[in-house]
Amino acid sequence: MSEKRPSLSPARFLSARRRHRSAGLVVLLFGLLAVGSAYAAFAPDNAVADNSAQSQKIEEGKKLFSVGCASCHGLNAEGGGNGEGKMAGPSLIGVGAAAVDFQVGTGRMPAMQPGAQIPRKTPVYTEEEIEALAAYVASLAPGPAVPGQESYDVSKATDDQITRGGELFRTNCTACHNFAGRGGALPNGKYAPSLMGVSEKHIYEAMLTGPQQMPVFSDQVMQPQDKADIIAYLKALQNQKDPGGFGLGRLGPVSEGLWGWFVGIGLLVVVAVWIGAKGVKAKGAKASE
């Protein structure tokens, strides 16, 4: 009569077979099954909801684009002509959501009329519509995304960061925007706009995307902290008072020289003419006596 082997508990059973050649594969499959089950239980509802909301936003942006932008930029944002062999609007494929948010958020787009440079004006679209347009253009090809608030929030910038931002600004930006950020003229009727009164987000987006004549300062060229320091410097300039009285646009010796010539010397000429007229009257009075 054969003896019965004592039954093993599950723990002892696994322990006895942990050195089996298939043990590693079994453990790996078990782990994948557990992770997949957990993901299936908790993730799908949120993921489907997010994808649905994003798809709806992209579809809304496409409709807005076809009505307000396609006449210049093409039905599929591939760029369009004006019928005379000239480009009416550049391709927007790959410009990213940040470029759309900047151009439309500052009112530059849609443009009222073609010209050497499109000026800033009151935005035509609402924040929700701008977000939808940006989502549609971003869906066409990868590009710079709209930066988060933490990237351009300079409310807690230190004096050292402001000083460093001034050094970076004077090195990279003053050739066009003036040392005080008041803008300046460029060739062929173009100009670098004033940076006073521009929001922190739009300044950051301008550095990311390089609108119009501006070079692109991507994160590979200029670190995000460097961009934030420049913004902190510009905001400090905007809040800075002019201890001497009139700021004269902070354009430097040009505006001060013009003030001296047209106002200072002009007043001297008026006084000289007045003194001369008084002298002629005095001589005439004496001659008549």
# chains A, B, ... in the order shown; residues from 1 in each chain; ligands from 1
call {"tool": "select_by_dssp", "arguments": {"residues": "region 85-245 of chain A", "states": "strand (DSSP E)", "output": "list in words"}}
result
Met87, Ala88, Gly89, Gly184, Ala185, Tyr191 and Ala192 of chain A
call {"tool": "closest_atom_pairs", "arguments": {"of": "region 184-227 of chain A", "to": "region 150-165 of chain A", "cutoff": "8 Å", "atoms": "only C-alpha atoms", "output": "JSON lines"}}
result
{"residue": "A:Glu200", "atom": "CA", "partner": "A:Tyr152", "partner_atom": "CA", "distance": 5.9}
{"residue": "A:Lys201", "atom": "CA", "partner": "A:Tyr152", "partner_atom": "CA", "distance": 6.1}
{"residue": "A:Tyr204", "atom": "CA", "partner": "A:Tyr152", "partner_atom": "CA", "distance": 6.6}
{"residue": "A:Pro224", "atom": "CA", "partner": "A:Ser151", "partner_atom": "CA", "distance": 6.9}
{"residue": "A:Gln225", "atom": "CA", "partner": "A:Ser151", "partner_atom": "CA", "distance": 7.8}
{"residue": "A:Asp226", "atom": "CA", "partner": "A:Gly165", "partner_atom": "CA", "distance": 6.8}
{"residue": "A:Lys227", "atom": "CA", "partner": "A:Tyr152", "partner_atom": "CA", "distance": 7.8}
call {"tool": "write_last_selection", "arguments": {"atoms": "all heavy atoms", "output": "compact mmCIF listing (two decimals), in the first residue's frame"}}
result
# COMPACT_ATOMS: atom_id res chain seq x y z
N GLU A 200 2.47 88.83 -19.55
CA GLU A 200 3.61 87.94 -19.36
C GLU A 200 3.52 86.72 -20.27
O GLU A 200 4.52 86.28 -20.85
CB GLU A 200 3.69 87.48 -17.90
CG GLU A 200 4.02 88.58 -16.91
CD GLU A 200 2.79 89.26 -16.35
OE1 GLU A 200 1.75 89.29 -17.06
OE2 GLU A 200 2.84 89.76 -15.22
N LYS A 201 2.31 86.17 -20.43
CA LYS A 201 2.15 84.98 -21.26
C LYS A 201 2.49 85.28 -22.71
O LYS A 201 3.18 84.49 -23.37
CB LYS A 201 0.71 84.45 -21.16
CG LYS A 201 0.49 83.21 -22.00
CD LYS A 201 -0.88 82.60 -21.80
CE LYS A 201 -1.94 83.36 -22.57
NZ LYS A 201 -3.21 82.64 -22.66
N TYR A 204 6.24 85.59 -23.26
CA TYR A 204 6.86 84.26 -23.25
C TYR A 204 6.59 83.55 -24.57
O TYR A 204 7.48 82.94 -25.16
CB TYR A 204 6.31 83.45 -22.08
CG TYR A 204 7.14 82.23 -21.72
CD1 TYR A 204 8.01 82.24 -20.64
CD2 TYR A 204 7.04 81.05 -22.47
CE1 TYR A 204 8.77 81.13 -20.31
CE2 TYR A 204 7.80 79.94 -22.15
CZ TYR A 204 8.66 79.99 -21.06
OH TYR A 204 9.41 78.88 -20.75
N PRO A 224 14.04 78.22 -19.96
CA PRO A 224 12.79 78.81 -19.45
C PRO A 224 13.02 79.83 -18.33
O PRO A 224 12.33 80.86 -18.28
CB PRO A 224 12.01 77.59 -18.95
CG PRO A 224 12.49 76.47 -19.80
CD PRO A 224 13.94 76.74 -20.04
N GLN A 225 13.99 79.58 -17.45
CA GLN A 225 14.25 80.53 -16.37
C GLN A 225 14.80 81.84 -16.92
O GLN A 225 14.50 82.92 -16.39
CB GLN A 225 15.23 79.93 -15.37
CG GLN A 225 15.47 80.80 -14.13
CD GLN A 225 14.18 81.10 -13.38
OE1 GLN A 225 13.43 80.19 -13.03
NE2 GLN A 225 13.91 82.37 -13.13
N ASP A 226 15.58 81.77 -17.99
CA ASP A 226 16.09 82.99 -18.63
C ASP A 226 14.93 83.82 -19.19
O ASP A 226 14.93 85.06 -19.06
CB ASP A 226 17.05 82.64 -19.76
CG ASP A 226 18.31 81.94 -19.24
OD1 ASP A 226 18.61 82.07 -18.05
OD2 ASP A 226 18.98 81.27 -20.05
N LYS A 227 13.97 83.17 -19.80
CA LYS A 227 12.80 83.87 -20.33
C LYS A 227 12.03 84.54 -19.19
O LYS A 227 11.59 85.70 -19.30
CB LYS A 227 11.89 82.91 -21.08
CG LYS A 227 12.48 82.28 -22.33
CD LYS A 227 11.41 81.45 -23.03
CE LYS A 227 11.93 80.72 -24.24
NZ LYS A 227 12.80 79.58 -23.89
call {"tool": "closest_residue", "arguments": {"among": "A:Ser66, A:Asn76, A:Ser139, A:Thr126", "to": "Val104 (chain A)", "atoms": "only C-alpha atoms"}}
result
A:Thr126
call {"tool": "closest_residue", "arguments": {"among": "A:Phe169, A:Val273, A:Met109, A:Gly94", "to": "Met222 (chain A)", "atoms": "only C-alpha atoms"}}
result
A:Phe169
call {"tool": "residues_around", "arguments": {"residues": "Ala135 (chain A)", "least_positions_apart": "4", "cutoff": "12 Å", "atoms": "only C-alpha atoms", "output": "JSON, numbers by chain"}}
result
{"A": [53, 54, 55, 56, 57, 58, 59, 60, 61, 62, 63, 64, 65, 95, 96, 97, 98, 99, 100, 101, 128, 129, 130, 131, 139, 140, 141, 142, 143, 144, 145, 146]}
call {"tool": "write_last_selection", "arguments": {"atoms": "N, CA and C atoms", "output": "mmCIF file, in the first residue's frame"}}
result
data_model
loop_
_atom_site.group_PDB
_atom_site.id
_atom_site.type_symbol
_atom_site.label_atom_id
_atom_site.label_comp_id
_atom_site.auth_asym_id
_atom_site.auth_seq_id
_atom_site.Cartn_x
_atom_site.Cartn_y
_atom_site.Cartn_z
ATOM 1 N N ALA A 53 -13.412 65.333 -25.224
ATOM 2 C CA ALA A 53 -13.424 66.789 -25.067
ATOM 3 C C ALA A 53 -12.412 67.448 -26.000
ATOM 4 N N GLN A 54 -11.223 66.838 -26.114
ATOM 5 C CA GLN A 54 -10.198 67.392 -26.998
ATOM 6 C C GLN A 54 -10.624 67.310 -28.456
ATOM 7 N N SER A 55 -11.248 66.196 -28.835
ATOM 8 C CA SER A 55 -11.719 66.052 -30.219
ATOM 9 C C SER A 55 -12.795 67.083 -30.534
ATOM 10 N N GLN A 56 -13.662 67.328 -29.575
ATOM 11 C CA GLN A 56 -14.711 68.324 -29.781
ATOM 12 C C GLN A 56 -14.121 69.723 -29.921
ATOM 13 N N LYS A 57 -13.077 70.021 -29.110
ATOM 14 C CA LYS A 57 -12.428 71.331 -29.185
ATOM 15 C C LYS A 57 -11.731 71.504 -30.537
ATOM 16 N N ILE A 58 -11.076 70.454 -31.008
ATOM 17 C CA ILE A 58 -10.397 70.510 -32.302
ATOM 18 C C ILE A 58 -11.406 70.727 -33.426
ATOM 19 N N GLU A 59 -12.540 70.044 -33.345
ATOM 20 C CA GLU A 59 -13.574 70.197 -34.375
ATOM 21 C C GLU A 59 -14.144 71.610 -34.378
ATOM 22 N N GLU A 60 -14.336 72.167 -33.185
ATOM 23 C CA GLU A 60 -14.828 73.549 -33.092
ATOM 24 C C GLU A 60 -13.797 74.522 -33.669
ATOM 25 N N GLY A 61 -12.515 74.271 -33.360
ATOM 26 C CA GLY A 61 -11.458 75.128 -33.890
ATOM 27 C C GLY A 61 -11.362 75.050 -35.401
ATOM 28 N N LYS A 62 -11.592 73.870 -35.956
ATOM 29 C CA LYS A 62 -11.561 73.708 -37.410
ATOM 30 C C LYS A 62 -12.663 74.524 -38.073
ATOM 31 N N LYS A 63 -13.832 74.550 -37.472
ATOM 32 C CA LYS A 63 -14.939 75.339 -38.020
ATOM 33 C C LYS A 63 -14.608 76.830 -37.969
ATOM 34 N N LEU A 64 -14.062 77.286 -36.826
ATOM 35 C CA LEU A 64 -13.677 78.695 -36.709
ATOM 36 C C LEU A 64 -12.590 79.041 -37.725
ATOM 37 N N PHE A 65 -11.663 78.132 -37.914
ATOM 38 C CA PHE A 65 -10.565 78.361 -38.848
ATOM 39 C C PHE A 65 -11.076 78.489 -40.275
ATOM 40 N N VAL A 95 3.397 75.253 -36.453
ATOM 41 C CA VAL A 95 3.692 76.456 -35.657
ATOM 42 C C VAL A 95 3.315 76.253 -34.193
ATOM 43 N N GLY A 96 2.398 75.322 -33.919
ATOM 44 C CA GLY A 96 2.035 75.019 -32.544
ATOM 45 C C GLY A 96 0.945 75.909 -31.988
ATOM 46 N N ALA A 97 0.433 75.498 -30.842
ATOM 47 C CA ALA A 97 -0.654 76.229 -30.197
ATOM 48 C C ALA A 97 -0.190 77.580 -29.666
ATOM 49 N N ALA A 98 1.083 77.680 -29.249
ATOM 50 C CA ALA A 98 1.580 78.933 -28.674
ATOM 51 C C ALA A 98 1.543 80.065 -29.696
ATOM 52 N N ALA A 99 1.865 79.773 -30.962
ATOM 53 C CA ALA A 99 1.851 80.808 -31.996
ATOM 54 C C ALA A 99 0.438 81.321 -32.225
ATOM 55 N N VAL A 100 -0.540 80.411 -32.240
ATOM 56 C CA VAL A 100 -1.937 80.813 -32.440
ATOM 57 C C VAL A 100 -2.406 81.646 -31.256
ATOM 58 N N ASP A 101 -2.090 81.199 -30.047
ATOM 59 C CA ASP A 101 -2.523 81.929 -28.858
ATOM 60 C C ASP A 101 -1.935 83.334 -28.840
ATOM 61 N N GLU A 128 -12.193 81.122 -25.148
ATOM 62 C CA GLU A 128 -12.565 79.751 -25.512
ATOM 63 C C GLU A 128 -12.344 79.500 -26.999
ATOM 64 N N GLU A 129 -12.662 80.489 -27.826
ATOM 65 C CA GLU A 129 -12.465 80.332 -29.269
ATOM 66 C C GLU A 129 -10.978 80.285 -29.630
ATOM 67 N N ILE A 130 -10.180 81.108 -28.945
ATOM 68 C CA ILE A 130 -8.736 81.087 -29.182
ATOM 69 C C ILE A 130 -8.158 79.726 -28.800
ATOM 70 N N GLU A 131 -8.640 79.184 -27.696
ATOM 71 C CA GLU A 131 -8.172 77.868 -27.257
ATOM 72 C C GLU A 131 -8.535 76.794 -28.274
ATOM 73 N N SER A 139 -3.143 70.211 -33.659
ATOM 74 C CA SER A 139 -3.429 68.837 -34.076
ATOM 75 C C SER A 139 -2.851 68.526 -35.456
ATOM 76 N N LEU A 140 -2.471 69.548 -36.223
ATOM 77 C CA LEU A 140 -1.959 69.332 -37.578
ATOM 78 C C LEU A 140 -0.524 68.805 -37.573
ATOM 79 N N ALA A 141 0.277 69.274 -36.628
ATOM 80 C CA ALA A 141 1.677 68.847 -36.532
ATOM 81 C C ALA A 141 2.229 69.345 -35.202
ATOM 82 N N PRO A 142 3.253 68.681 -34.675
ATOM 83 C CA PRO A 142 3.829 69.113 -33.396
ATOM 84 C C PRO A 142 4.409 70.516 -33.477
ATOM 85 N N GLY A 143 4.297 71.263 -32.376
ATOM 86 C CA GLY A 143 4.824 72.617 -32.295
ATOM 87 C C GLY A 143 4.797 73.086 -30.859
ATOM 88 N N PRO A 144 5.329 74.279 -30.567
ATOM 89 C CA PRO A 144 5.358 74.783 -29.190
ATOM 90 C C PRO A 144 3.953 74.885 -28.598
ATOM 91 N N ALA A 145 3.781 74.346 -27.399
ATOM 92 C CA ALA A 145 2.490 74.395 -26.712
ATOM 93 C C ALA A 145 2.355 75.704 -25.944
ATOM 94 N N VAL A 146 1.123 76.041 -25.593
ATOM 95 C CA VAL A 146 0.881 77.235 -24.773
ATOM 96 C C VAL A 146 1.525 77.003 -23.404
#
call {"tool": "residues_around", "arguments": {"residues": "Leu186 (chain A)", "least_positions_apart": "2", "cutoff": "10 Å", "atoms": "only C-alpha atoms", "output": "MDAnalysis selection string"}}
result
chainID A and resid 175:177 183:184 188:192 213
call {"tool": "write_last_selection", "arguments": {"atoms": "C-alpha atoms", "output": "JSON list (two decimals), in the first residue's frame"}}
result
[["chain", "number", "residue", "atom", "x", "y", "z"],
["A", 175, "ALA", "CA", 18.97, 95.99, -30.89],
["A", 176, "CYS", "CA", 15.30, 95.98, -31.93],
["A", 177, "HIS", "CA", 13.16, 96.74, -28.87],
["A", 183, "GLY", "CA", 10.27, 99.37, -29.52],
["A", 184, "GLY", "CA", 12.11, 100.68, -32.54],
["A", 188, "ASN", "CA", 11.12, 98.24, -45.08],
["A", 189, "GLY", "CA", 8.43, 99.79, -42.93],
["A", 190, "LYS", "CA", 8.65, 97.14, -40.21],
["A", 191, "TYR", "CA", 9.21, 97.77, -36.53],
["A", 192, "ALA", "CA", 9.81, 96.08, -33.20],
["A", 213, "GLN", "CA", 10.82, 89.64, -37.59]]
